[in-house]
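**Q** Once you've had a glance at the structure underneath, I'll fire off some questions.
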Amino acid sequence: MEKFFSDLRQTVSGAVKKSGELIELTKAKMAANDTKTAIKNEFVKLGELAYLAAKGEENPATDAEALVYKIDELKETLAEQEAKIAELGGKKICADCGKMVAGDSAFCPACGNSMESVD
Ligand SMILES: [Zn+2]
């Protein structure tokens with residue numbers, strides 16, 4: 001009976017840990033989606049500036065630069081978020097092509113890059 005309860009306790013704590021990881025993973029995916037939406041919004045703003053510039057209605061030089069800077073920042077955030085998603089899902093990100101690869105892969109199936117060099 002003792003063993004039954006210790007097994008049960010282990011199963012329960014394992015399940016709690018699993019669901020905690022799942023929540024973390026869901027949160028990370030949602031955060032990454034928010035970042036992707038933010039990047040799209042910045043691209044739309046940049047497109048509007050390009051449109052106005054093409055029509056000669058405005059000189060958007062400074063604003064465009066700020067938007068490019070913001071997009072780069074968001075892309076960095078997204079890369080961090082995607083690395084976290086990969087880690088939570090037991091996967092790795094290929095340093096060469098950026099594809100998500102199974103955690104136990106020795107090579108990237110997309111580009112053949114060695115996954116051993118990635119920490
Ligand atoms: Zn690759």
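So you can find residues: chains in the structure tokens are A, B, ... in the order shown, residues in each start at 1, and ligands are numbered from 1 in order.
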Range 96-104 of chain A: which residues within 10 Å, counting only C-alpha atoms, same-chain residues fewer than 2 positions away excluded, as a PyMOL selection string?
**A** chain A and resi 79+82-83+85-87+89-94+106-116+118
**Q** Identify all residues of chain A in alpha helix (DSSP H) (DSSP on the backbone) and supply them as a ChimeraX atom specification.
**A** /A:2-55,61-88
**Q** Would you mind telling me which residue in A:Leu8, A:Leu88, A:Tyr69, A:Lys75 lies nearest to Gly20 in chain A when using only C-alpha atoms?
**A**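 Result for the nearest residue to Gly20 in chain A: A:Leu88.
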**Q** Between A:Ser13, A:Ala95, A:Leu52, A:Glu76, which residue has the minimum interatomic distance to ligand 1, considering only C-alpha atoms and all ligand atoms?
**A**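 Checking each candidate against ligand 1, we get A:Ala95 as the closest.
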**Q** What is the distance between CA of Lys45 in chain A and CA of Glu65 in chain A, in Å to one decimal?
**A** 11.7 Å
**Q** In Å, rounded to a single decimal, give me how far CA of Met30 in chain A is from CA of Leu46 in chain A.
**A**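 Interatomic distance, CA of Leu46 in chain A to CA of Met30 in chain A: 24.4 Å.
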**Q** Write down as a CSV table (one decimal) with C-alpha atoms, in the first residue's frame the residues belonging to range 37-109 of chain A that are assigned strand (DSSP E or B) by DSSP computed on the backbone.
**A**
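This is the output file selection_33.csv:
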```csv
chain,number,residue,atom,x,y,z
A,91,LYS,CA,13.7,21.1,-29.2
A,92,LYS,CA,16.6,23.2,-30.5
A,93,ILE,CA,16.9,26.0,-33.0
A,100,MET,CA,13.2,24.1,-35.0
A,101,VAL,CA,14.9,20.7,-34.7
A,102,ALA,CA,14.2,17.8,-32.4
A,107,PHE,CA,22.2,17.5,-37.6
```
**Q** Counting only C-alpha atoms, which residue out of A:Lys55, A:Gly47, A:Thr37, A:Ala32 sits closest to Thr77 in chain A?
**A**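 The shortest atom-to-atom distance to Thr77 in chain A comes from A:Ala32.
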**Q** Between A:Leu49, A:Ser105, A:Asp34, A:Ile39, which residue has the minimum interatomic distance to ligand 1, considering only C-alpha atoms and all ligand atoms?
**A**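 Result for the nearest residue to ligand 1: A:Ser105.
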**Q** Report, in Å to a single decimal, how far apart CA of Asn41 in chain A and CA of Asp72 in chain A are.
**A**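 Answer for the CA of Asp72 in chain A to CA of Asn41 in chain A separation: 13.2 Å.
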